[in-house]
Amino acid sequence: MSILVLGVLLTGASWVIAWSPTSLLREYSFFPLWFGYILIANGISETLFSDCVMKRMGRKFILLFAVSIPFWWFFEFLNEKVQNWQYVFPHPISEMRFIVQSSISFSTVLPAVLSTVFLVFHLLSGLNYYSWRLRPLPIRRRWLALSEILGVICLCLLGVVPNVTFPAVWIAPILIMEPLAFSLHCPSVLVKIERGQWQLPVAVMAATVVCGLFWEMWNVYSSPKWVYNVPHVGFVKVFEMPLLGYFGYPLFGIIIYSYTALICYVMLNRSSLNEIMCRPPVGRKYIS
């Protein structure tokens, strides 16, 4: 059975369970639902390009699930300050169960987004290559230093005036991690921007919006679920998310990519995430 068919079956069954108010497995449907999505994204890539992230990374793909857990717990820590979202459970649960169950769910974030990035990037590669080229933007060292300083300041302000600085949750990590990755000569989004190559940044941001739409849609009738309380912009909701909140997803995608690029650089013998994502499948050639 192909991973695409398996993904469709798993996602379909998990979706029914997640939205069924009488199902005893409803509370445990998040992981299989998103694991099915991950299989679908990789299955579509495999069907279209005879290649996918799972194939390129092999057993190392499991690493994405592991490093995804502390990644999202970092945002849960920031949310303790801004209180922009909260989880609604059908009944009280212990703190230990919340940690374990949440960690299992959080493990799907990076694999889902990066599998979608791969698919979107190679779909865009079939379009006019030069439409993604702009004038190179030289990156100056003092800009990197200033970015790091601003990122730290933004994080500090979150604890002081959270009702005003809450957008910094999705900005500060970029200001810190992208310059760090660039300074370490770790290929990431900023490297592509410096060269005027916008295909990868566009793919990263678009793929995260796609995932965001599925996150918010599947959340509506699920239990447990999350609800938002975003100051000043909580009007006009699409599913549970305020409309303006979707503009945070492209930034979230850059954060995911920067974080994973650093992880690959440190833990996979300096392997380049750009190489994993952007190398043409066998039989296809892109102009570099």
# chains A, B, ... in the order shown; residues from 1 in each chain; ligands from 1
call {"tool": "select_by_dssp", "arguments": {"residues": "stretch 87-283 of chain A", "states": "helix (DSSP H, G or I)", "output": "count of residues only"}}
result
129
call {"tool": "residues_around", "arguments": {"residues": "A:Gly36", "least_positions_apart": "4", "cutoff": "6 Å", "atoms": "only C-alpha atoms", "output": "ChimeraX atom specification"}}
result
/A:7,10-11,32
call {"tool": "atom_distance", "arguments": {"atom1": "atom CA of A:Ile40", "atom2": "atom CA of A:Tyr249"}}
result
20.8 Å
call {"tool": "residues_around", "arguments": {"residues": "A:Val120", "least_positions_apart": "6", "cutoff": "10 Å", "atoms": "only C-alpha atoms", "output": "count of residues only"}}
result
12
call {"tool": "atom_distance", "arguments": {"atom1": "atom CA of A:Val8", "atom2": "atom CA of A:Val220"}}
result
20.2 Å
call {"tool": "closest_residue", "arguments": {"among": "A:Arg279, A:Val161, A:Lys225, A:Val238", "to": "A:Trp85", "atoms": "only C-alpha atoms"}}
result
A:Lys225
